[in-house]
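Text of query05.txt (compact mmCIF, C-alpha atoms) as supplied:
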# COMPACT_ATOMS: atom_id res chain seq x y z
CA MET A 1 168.62 -27.50 -22.75
CA LYS A 2 169.68 -28.29 -19.21
CA ARG A 3 169.93 -24.58 -18.44
CA VAL A 4 166.40 -23.95 -19.63
CA PHE A 5 165.21 -26.90 -17.62
CA LEU A 6 166.88 -25.61 -14.44
CA LYS A 7 165.60 -22.06 -14.93
CA VAL A 8 162.07 -23.26 -15.48
CA THR A 9 162.25 -25.52 -12.42
CA ALA A 10 163.52 -22.61 -10.31
CA ALA A 11 160.69 -20.40 -11.59
CA LEU A 12 158.14 -23.08 -10.76
CA LEU A 13 159.55 -23.46 -7.26
CA LEU A 14 159.21 -19.71 -6.71
CA VAL A 15 155.59 -19.81 -7.83
CA LEU A 16 155.06 -22.78 -5.52
CA LEU A 17 156.55 -20.99 -2.51
CA TRP A 18 154.32 -18.01 -3.15
CA GLY A 19 151.28 -20.24 -3.57
CA CYS A 20 151.95 -22.26 -0.43
CA GLN A 21 151.96 -19.27 1.91
CA GLU A 22 149.04 -20.06 4.18
CA SER A 23 146.70 -17.26 5.05
CA VAL A 24 146.05 -17.02 8.79
CA GLU A 25 142.50 -18.08 9.46
CA TYR A 26 140.34 -15.74 11.52
CA CYS A 27 138.14 -17.80 13.79
CA PRO A 28 135.08 -16.03 15.15
CA ASP A 29 133.89 -16.72 18.70
CA LYS A 30 132.25 -20.16 18.77
CA ASN A 31 129.64 -19.07 21.30
CA PRO A 32 129.07 -15.34 21.09
CA TYR A 33 127.04 -13.59 23.79
CA LEU A 34 123.88 -11.59 23.39
CA TYR A 35 124.63 -8.07 24.67
CA CYS A 36 121.67 -6.58 26.52
CA SER A 37 122.32 -3.05 27.73
CA PHE A 38 120.39 -1.03 30.29
CA GLN A 39 119.77 2.69 29.90
CA ASN A 40 118.78 4.52 33.07
CA THR A 41 116.92 7.44 31.54
CA GLU A 42 115.03 8.33 34.75
CA LYS A 43 118.20 8.21 36.95
CA ILE A 44 116.52 5.72 39.32
CA SER A 45 118.49 3.77 41.91
CA PHE A 46 117.43 0.86 44.10
CA ASP A 47 118.49 -0.64 47.44
CA THR A 48 119.23 -3.89 45.71
CA PHE A 49 119.14 -5.06 42.14
CA THR A 50 119.15 -8.76 41.28
CA VAL A 51 119.40 -10.33 37.85
CA ILE A 52 118.81 -14.02 37.24
CA ILE A 53 119.10 -15.84 33.95
CA ASP A 54 116.86 -18.92 34.24
CA GLY A 55 118.97 -22.06 34.21
CA LEU A 56 122.32 -20.42 34.89
CA SER A 57 124.10 -19.97 38.22
CA GLU A 58 126.56 -17.38 36.96
CA ILE A 59 126.11 -14.26 34.91
CA GLN A 60 128.49 -12.11 32.95
CA ILE A 61 128.24 -8.37 32.96
CA ALA A 62 130.08 -5.48 31.41
CA GLN A 63 130.58 -2.51 33.70
CA ASN A 64 132.60 0.51 32.61
CA GLY A 65 133.97 -1.39 29.63
CA ASN A 66 135.19 -4.43 31.61
CA ASN A 67 133.62 -7.86 31.27
CA THR A 68 133.36 -9.80 34.55
CA THR A 69 131.75 -13.04 35.60
CA LYS A 70 129.60 -12.90 38.73
CA SER A 71 128.39 -15.88 40.66
CA ASP A 72 126.54 -13.55 43.04
CA THR A 73 123.72 -12.09 41.00
CA ILE A 74 122.78 -9.38 43.49
CA PHE A 75 123.99 -5.86 42.99
CA ASN A 76 123.64 -4.09 46.33
CA GLY A 77 122.73 -0.44 46.48
CA SER A 78 123.13 0.06 42.79
CA THR A 79 121.49 0.21 39.43
CA PRO A 80 121.57 -2.50 36.77
CA PRO A 81 124.94 -3.06 35.14
CA ASP A 82 125.76 -1.34 31.87
CA THR A 83 125.38 -4.56 29.91
CA LEU A 84 124.31 -8.11 30.61
CA LEU A 85 126.08 -10.77 28.53
CA ILE A 86 123.63 -13.59 27.87
CA PRO A 87 124.92 -16.94 26.55
CA LEU A 88 122.61 -18.67 24.08
CA SER A 89 122.00 -22.34 23.53
CA ALA A 90 122.07 -23.93 20.08
CA ASN A 91 119.31 -26.38 21.00
CA SER A 92 116.87 -23.78 22.28
CA ASN A 93 115.13 -20.80 20.73
CA ASN A 94 114.63 -18.58 23.74
CA VAL A 95 116.24 -17.30 26.92
CA THR A 96 114.63 -15.59 29.89
CA PHE A 97 116.11 -13.32 32.50
CA ARG A 98 114.47 -11.77 35.52
CA CYS A 99 115.36 -8.50 37.19
CA MET A 100 114.34 -7.76 40.79
CA PHE A 101 114.38 -4.15 41.90
CA GLY A 102 114.39 -4.05 45.71
CA SER A 103 112.33 -6.79 47.31
CA ASN A 104 108.96 -6.47 45.70
CA LYS A 105 109.28 -5.18 42.15
CA GLY A 106 110.53 -7.04 39.18
CA ASP A 107 110.52 -7.41 35.41
CA ILE A 108 110.93 -10.33 33.05
CA CYS A 109 112.48 -10.31 29.59
CA LYS A 110 112.12 -13.30 27.29
CA ILE A 111 114.17 -13.20 24.09
CA TYR A 112 113.43 -15.46 21.11
CA TYR A 113 116.23 -16.20 18.69
CA ASN A 114 117.18 -18.30 15.67
CA SER A 115 120.26 -20.47 15.76
CA ASP A 116 122.35 -21.94 12.98
CA ILE A 117 125.42 -24.12 13.34
CA LEU A 118 128.07 -24.10 10.66
CA PHE A 119 131.39 -25.76 10.12
CA ALA A 120 133.84 -23.08 9.09
CA ASN A 121 137.04 -25.06 8.51
CA PRO A 122 139.31 -27.47 10.42
CA GLU A 123 141.13 -24.60 12.14
CA CYS A 124 137.97 -22.97 13.48
CA GLY A 125 135.65 -25.99 13.76
CA PHE A 126 131.94 -25.50 14.43
CA ILE A 127 130.48 -22.09 15.09
CA ALA A 128 127.03 -21.27 16.42
CA MET A 129 125.35 -18.31 14.72
CA TYR A 130 122.41 -16.57 16.37
CA SER A 131 120.02 -13.81 15.43
CA ILE A 132 117.32 -12.24 17.58
CA ASP A 133 113.81 -12.86 16.38
CA SER A 134 111.67 -11.01 18.97
CA PHE A 135 111.33 -10.38 22.69
CA LEU A 136 108.73 -10.02 25.42
CA LEU A 137 109.24 -7.50 28.22
CA SER A 138 107.22 -6.69 31.31
CA THR A 139 107.14 -3.01 32.16
CA ASN A 140 106.91 -2.58 35.94
CA ILE A 141 110.18 -0.70 36.18
CA PHE A 142 111.41 -1.17 32.67
CA ASP A 143 110.00 1.37 30.30
CA SER A 144 110.72 0.05 26.84
CA ALA A 145 113.28 -1.84 24.77
CA TYR A 146 114.29 -2.33 21.18
CA ILE A 147 116.49 -4.62 19.09
CA LYS A 148 119.51 -2.55 18.19
CA PHE A 149 121.44 -5.20 16.25
CA PRO A 150 119.81 -8.60 15.68
CA TYR A 151 122.93 -10.55 14.70
CA ILE A 152 124.91 -11.94 17.59
CA ASN A 153 128.59 -12.08 16.85
CA ASP A 154 131.87 -11.45 18.58
CA ASP A 155 132.23 -7.74 17.86
CA GLN A 156 130.54 -6.88 21.19
CA GLN A 157 127.77 -4.79 19.67
CA LYS A 158 124.75 -4.05 21.82
CA ASN A 159 121.94 -6.29 20.62
CA ILE A 160 119.05 -5.17 22.82
CA GLU A 161 118.69 -1.89 24.71
CA ILE A 162 116.34 -1.68 27.66
CA PHE A 163 115.26 1.71 29.06
CA TYR A 164 114.03 2.25 32.61
CA MET B 1 131.35 -47.30 -19.41
CA LYS B 2 131.00 -48.20 -23.13
CA TYR B 3 131.38 -44.52 -24.05
CA SER B 4 134.41 -44.15 -21.76
CA ILE B 5 136.20 -47.00 -23.57
CA SER B 6 135.34 -45.47 -26.96
CA ILE B 7 136.65 -42.08 -25.86
CA LEU B 8 139.87 -43.66 -24.59
CA PHE B 9 140.31 -45.57 -27.85
CA LEU B 10 139.73 -42.38 -29.84
CA PHE B 11 142.14 -40.51 -27.57
CA PHE B 12 145.06 -42.86 -28.18
CA ALA B 13 144.15 -43.49 -31.83
CA THR B 14 144.40 -39.73 -32.39
CA ILE B 15 147.81 -39.69 -30.74
CA SER B 16 149.07 -42.54 -32.88
CA PHE B 17 147.67 -41.18 -36.14
CA GLY B 18 149.16 -37.71 -35.72
CA GLN B 19 152.47 -39.10 -34.65
CA ILE B 20 153.24 -41.50 -37.46
CA LYS B 21 152.07 -39.21 -40.20
CA LYS B 22 154.13 -36.16 -39.37
CA TYR B 23 157.29 -36.95 -37.54
CA GLU B 24 157.94 -40.67 -37.43
CA ARG B 25 158.65 -40.38 -33.74
CA THR B 26 158.23 -43.27 -31.37
CA ILE B 27 154.60 -43.52 -30.37
CA PHE B 28 154.06 -43.99 -26.67
CA ILE B 29 151.66 -43.69 -23.82
CA ARG B 30 153.07 -42.48 -20.53
CA PRO B 31 151.40 -43.63 -17.30
CA ALA B 32 152.46 -41.64 -14.25
CA ILE B 33 151.99 -41.60 -10.52
CA ASP B 34 151.91 -38.40 -8.47
CA LEU B 35 154.49 -38.72 -5.71
CA SER B 36 153.36 -35.50 -3.99
CA ARG B 37 150.22 -37.33 -2.77
CA PHE B 38 152.43 -39.46 -0.53
CA ALA B 39 153.88 -36.33 1.13
CA LEU B 40 150.47 -34.83 1.92
CA PRO B 41 149.80 -36.93 5.07
CA TYR B 42 152.82 -35.20 6.65
CA VAL B 43 151.60 -31.74 5.64
CA HIS B 44 148.05 -31.91 6.98
CA GLY B 45 147.23 -31.87 10.66
CA TYR B 46 144.81 -34.77 10.18
CA HIS B 47 144.87 -38.25 8.67
CA TYR B 48 144.98 -38.03 4.89
CA SER B 49 145.52 -40.73 2.32
CA GLY B 50 145.35 -40.36 -1.42
CA ILE B 51 146.75 -41.46 -4.71
CA GLU B 52 146.75 -39.98 -8.21
CA PHE B 53 147.54 -41.53 -11.56
CA ALA B 54 147.90 -39.87 -14.93
CA ILE B 55 148.36 -40.97 -18.49
CA ASP B 56 149.40 -38.90 -21.48
CA GLY B 57 150.64 -39.26 -25.00
CA GLU B 58 152.11 -37.11 -27.75
CA VAL B 59 150.41 -35.51 -30.73
CA TYR B 60 152.48 -33.58 -33.31
CA ASN B 61 155.35 -33.05 -30.80
CA LYS B 62 153.38 -30.27 -29.18
CA PHE B 63 150.15 -31.50 -27.71
CA PHE B 64 149.97 -34.03 -24.90
CA PRO B 65 146.39 -35.08 -24.18
CA THR B 66 146.19 -36.09 -20.53
CA ILE B 67 143.83 -37.97 -18.28
CA GLU B 68 144.32 -37.89 -14.51
CA ALA B 69 142.38 -39.78 -11.86
CA GLY B 70 142.72 -40.04 -8.13
CA TYR B 71 141.29 -40.92 -4.76
CA ALA B 72 141.42 -39.08 -1.43
CA MET B 73 140.33 -39.90 2.10
CA VAL B 74 140.41 -37.74 5.22
CA GLU B 75 139.74 -38.78 8.80
CA ASP B 76 139.96 -36.49 11.79
CA ASN B 77 138.93 -37.38 15.31
CA ARG B 78 138.77 -34.40 17.64
CA SER B 79 137.40 -33.77 21.10
CA ASP B 80 134.40 -31.86 19.76
CA TYR B 81 133.68 -33.78 16.53
CA ASN B 82 134.73 -36.65 14.25
CA TYR B 83 135.08 -36.21 10.50
CA LYS B 84 135.36 -38.49 7.51
CA MET B 85 135.55 -37.62 3.82
CA GLU B 86 136.19 -39.98 0.91
CA GLY B 87 135.97 -39.54 -2.82
CA ASN B 88 137.33 -39.89 -6.35
CA TYR B 89 138.13 -37.43 -9.07
CA GLY B 90 139.02 -37.30 -12.72
CA LYS B 91 140.65 -34.65 -14.89
CA ILE B 92 140.89 -34.37 -18.66
CA GLY B 93 142.84 -31.86 -20.70
CA PHE B 94 146.10 -31.39 -22.49
CA ASN B 95 149.58 -29.97 -22.11
CA TYR B 96 151.21 -27.83 -24.75
CA ASN B 97 154.96 -28.24 -25.06
CA ILE B 98 156.86 -24.96 -25.37
CA ILE B 99 160.24 -26.54 -26.12
CA ARG B 100 161.02 -27.00 -29.81
CA TYR B 101 162.34 -30.48 -30.46
CA ARG B 102 165.45 -30.53 -32.65
CA HIS B 103 166.17 -34.24 -32.46
CA ARG B 104 163.71 -37.01 -33.05
CA LEU B 105 164.62 -38.49 -29.67
CA ASP B 106 164.04 -35.26 -27.69
CA ARG B 107 161.32 -35.88 -25.17
CA ASN B 108 161.88 -33.39 -22.34
CA LEU B 109 158.95 -31.08 -21.79
CA PHE B 110 158.33 -27.57 -20.58
CA TYR B 111 154.63 -27.14 -20.89
CA ILE B 112 151.54 -25.20 -20.09
CA GLY B 113 148.23 -26.98 -19.85
CA ILE B 114 144.59 -26.87 -18.98
CA ARG B 115 142.28 -29.35 -17.31
CA TYR B 116 138.61 -29.80 -16.66
CA ALA B 117 138.05 -31.77 -13.46
CA ARG B 118 135.20 -33.27 -11.52
CA SER B 119 135.08 -35.06 -8.19
CA GLN B 120 132.44 -37.15 -6.43
CA TYR B 121 132.75 -37.53 -2.69
CA TYR B 122 130.88 -37.75 0.59
CA HIS B 123 131.51 -36.54 4.10
CA ILE B 124 130.18 -37.22 7.58
CA PHE B 125 130.47 -35.31 10.84
CA SER B 126 129.66 -37.27 13.98
CA ASP B 127 129.60 -36.54 17.72
CA VAL B 128 129.60 -32.81 17.11
CA THR B 129 129.56 -31.08 20.49
CA ILE B 130 128.80 -27.43 21.06
CA ALA B 131 129.72 -26.60 24.64
CA ASN B 132 128.96 -23.44 26.57
CA GLU B 133 127.38 -22.30 29.85
CA TRP B 134 124.22 -24.24 29.00
CA GLY B 135 126.08 -27.54 28.84
CA ASN B 136 126.93 -29.79 25.90
CA TYR B 137 124.75 -30.04 22.83
CA THR B 138 125.74 -33.13 20.82
CA PHE B 139 124.44 -34.11 17.39
CA ASP B 140 125.44 -35.88 14.14
CA ILE B 141 125.45 -34.55 10.61
CA PRO B 142 124.52 -37.48 8.35
CA HIS B 143 126.32 -38.78 5.25
CA LYS B 144 126.12 -36.26 2.43
CA ASP B 145 127.04 -36.90 -1.21
CA LEU B 146 128.75 -33.99 -2.92
CA SER B 147 130.30 -33.16 -6.26
CA THR B 148 132.50 -30.34 -7.51
CA GLN B 149 133.74 -29.24 -10.90
CA TRP B 150 136.72 -27.02 -11.48
CA THR B 151 139.26 -25.99 -14.06
CA GLU B 152 143.04 -25.93 -13.81
CA GLY B 153 145.73 -23.95 -15.54
CA LEU B 154 149.16 -25.45 -15.11
CA MET B 155 152.80 -25.04 -15.98
CA GLY B 156 155.39 -27.72 -15.59
CA VAL B 157 158.48 -29.58 -16.66
CA LYS B 158 159.08 -33.21 -17.42
CA GLY B 159 162.57 -34.61 -17.93
CA GLU B 160 163.69 -38.02 -19.14
CA ILE B 161 166.08 -39.14 -16.40
CA PHE B 162 166.59 -42.65 -17.74
CA LYS B 163 165.45 -44.25 -20.95
CA ASN B 164 161.64 -43.97 -20.95
CA VAL B 165 161.57 -42.84 -17.29
CA PHE B 166 160.45 -39.27 -16.64
CA LEU B 167 160.34 -37.04 -13.59
CA GLY B 168 157.88 -34.21 -13.75
CA PHE B 169 156.94 -31.21 -11.67
CA SER B 170 154.01 -28.87 -12.19
CA VAL B 171 152.27 -26.01 -10.43
CA ARG B 172 148.59 -25.50 -10.89
CA THR B 173 146.00 -22.82 -10.31
CA LYS B 174 142.61 -24.36 -9.69
CA ILE B 175 139.40 -22.39 -9.98
CA ARG B 176 136.13 -23.85 -8.75
CA LEU B 177 133.33 -23.73 -11.32
CA ALA B 178 130.39 -25.44 -9.64
CA THR B 179 129.78 -27.41 -6.50
CA SER B 180 127.01 -29.02 -4.49
CA ASP B 181 125.45 -26.94 -1.74
CA PHE B 182 127.55 -27.57 1.38
CA GLU B 183 124.66 -26.39 3.62
CA ASN B 184 126.80 -24.87 6.40
CA TYR B 185 129.16 -27.84 6.49
CA THR B 186 132.15 -27.12 4.30
CA PRO B 187 134.26 -30.21 3.58
CA TYR B 188 137.87 -30.24 4.78
CA ILE B 189 139.08 -30.78 1.25
CA ILE B 190 137.57 -31.44 -2.13
CA PRO B 191 139.37 -34.49 -3.58
CA GLY B 192 141.75 -33.38 -6.32
CA PHE B 193 141.02 -29.71 -5.71
CA GLY B 194 142.17 -28.75 -2.22
CA LYS B 195 140.69 -26.77 0.65
CA GLY B 196 136.92 -26.88 0.71
CA ASP B 197 136.46 -23.28 1.82
CA LYS B 198 138.47 -21.80 -1.06
CA LYS B 199 137.21 -20.80 -4.49
CA ALA B 200 140.71 -20.84 -6.00
CA VAL B 201 143.79 -22.70 -4.83
CA PHE B 202 147.32 -23.52 -5.85
CA GLY B 203 148.44 -27.09 -6.24
CA VAL B 204 151.52 -29.02 -7.18
CA SER B 205 152.28 -32.41 -8.58
CA TYR B 206 155.55 -34.27 -8.67
CA THR B 207 155.26 -37.25 -10.95
CA ILE B 208 157.30 -40.20 -12.05
CA SER B 209 156.23 -41.72 -15.32
CA TYR B 210 157.25 -44.42 -17.75
CA ALA B 211 156.79 -44.07 -21.47
CA ILE B 212 155.52 -47.34 -22.92
CA PRO B 213 156.50 -47.47 -26.60
CA LEU B 214 153.55 -48.53 -28.74
CA LYS B 215 155.34 -48.40 -32.10
CA GLN B 216 159.14 -48.30 -32.05
CA ASN B 217 160.50 -46.67 -35.19
CA LYS B 218 164.00 -47.46 -36.34
CA ILE B 219 166.57 -44.96 -35.16
CA GLU B 220 168.38 -43.54 -38.15
CA LYS B 221 171.94 -42.24 -37.98
CA GLN B 222 171.94 -38.46 -37.90

Using structure tokens, write down the structure from this file.
Amino acid sequence: MKRVFLKVTAALLLVLLWGCQESVEYCPDKNPYLYCSFQNTEKISFDTFTVIIDGLSEIQIAQNGNNTTKSDTIFNGSTPPDTLLIPLSANSNNVTFRCMFGSNKGDICKIYYNSDILFANPECGFIAMYSIDSFLLSTNIFDSAYIKFPYINDDQQKNIEIFY
Amino acid sequence: MKYSISILFLFFATISFGQIKKYERTIFIRPAIDLSRFALPYVHGYHYSGIEFAIDGEVYNKFFPTIEAGYAMVEDNRSDYNYKMEGNYGKIGFNYNIIRYRHRLDRNLFYIGIRYARSQYYHIFSDVTIANEWGNYTFDIPHKDLSTQWTEGLMGVKGEIFKNVFLGFSVRTKIRLATSDFENYTPYIIPGFGKGDKKAVFGVSYTISYAIPLKQNKIEKQ
């Protein structure tokens, strides 16, 4: 009887050890960026190019695959960066950025989005989820744009592509 | 409440009736407390307190109808939010003893069992802060009442270490059947079930129980 009891207890402990193995939680980025890429189809270059996101003093860009933060928003003697990384706010539904080409030409892009906040679990905490609803674009230098992938997550997909 | 008392009466009456008629074994009810609940505060990375009681009895040496009830409370204060969850749960089911009793005083158990369980609880998130380049966005998520139902399959042992005193150990697989809509805010844990973001979980219980004899039959020489 005691033997059976011990064997059963050992078996239960094995099951318990297997059951208690915690899976490693994957936590998505809490504040993913909207990736807005620029496609220079006409091969145009400018003396200066300036990009300003209204309300922010710094911008993040991706150039040749590297993400960098720039406090100086002027790109001298160049074209727009490959991609502009735009942070979104959970208590707003739109973001605007302005691009100045040289000293007297510019374009404005206003992006409308939906936001949703969810609590994933204690390990990950709260996560803001965004999806692009629509956008407005002036077309002085910019030619056209389209929403490539409306869901903003941390897999660094291009969300909006702008052609000029 | 009236119905609950009637069901309880019926529950133990059934135990007693089956017992006397077939085997002349001592009739008992066995209240238990789950000691594993007291270890949980040291396992979780947040403040947890909880307690679980159980009561069972014997029918025809094989079936052990069981009622379990408990309480759980979680509090977690973090830099970007505060959390509180509190609730109760109840489980009803039975264990089936696999060991064949050879002696009328045998009372050790190796069992499999099933349970139906339900919990009622609420949770609150406060001072939730989402911080990024735009600054801090702070808000509260108000009190929300929730309920969950699940089923458990379990396997365990229970040994009489002293006269009428039993130590028991069981492992359980819990499968969620139905739950309130969490609406983006998954609770840390569901009282009695486990992690709120899981559909199926493993659980354990480590109980100490005392068999209260209700009708003591004379022990015959064997």

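Picture a line from CA of Ala178 in chain B to CA of Lys198 in chain B; it runs 12.3 Å.
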
Interatomic distance, CA of Tyr146 in chain A to CA of Phe126 in chain A (Å, one decimal): 29.9 Å

Distance in Å - CA of Ile55 in chain B versus CA of Ala72 in chain B: 18.5 Å

Who sits within 12 Å of range 48-57 of chain A, all atoms listed in the file, same chain under 2 positions skipped, as an MDAnalysis selection string: (chainID A and resid 44:46 59:61 69:81 83:89 94:111 141) or (chainID B and resid 132:135)

Taking all atoms listed in the file into account, produce a table as a Markdown table in which each residue of chain B with an atom at most 6 Å from an atom of chain A appears once, together with its shortest atom pair and the distance in Å to one decimal, ordered by chain and rising number.
| residue | atom | partner | partner_atom | distance |
| --- | --- | --- | --- | --- |
| B:Asn184 | CA | A:Leu118 | CA | 4.5 |
| B:Tyr185 | CA | A:Phe119 | CA | 4.7 |
| B:Phe202 | CA | A:Gly19 | CA | 5.6 |

Test item: residues at most 12 Å from Thr151 in chain B, only C-alpha atoms, excluding those fewer than 6 positions along its chain, as a ChimeraX atom specification: /B:90-93,113-119,172-178,192-193,199-202
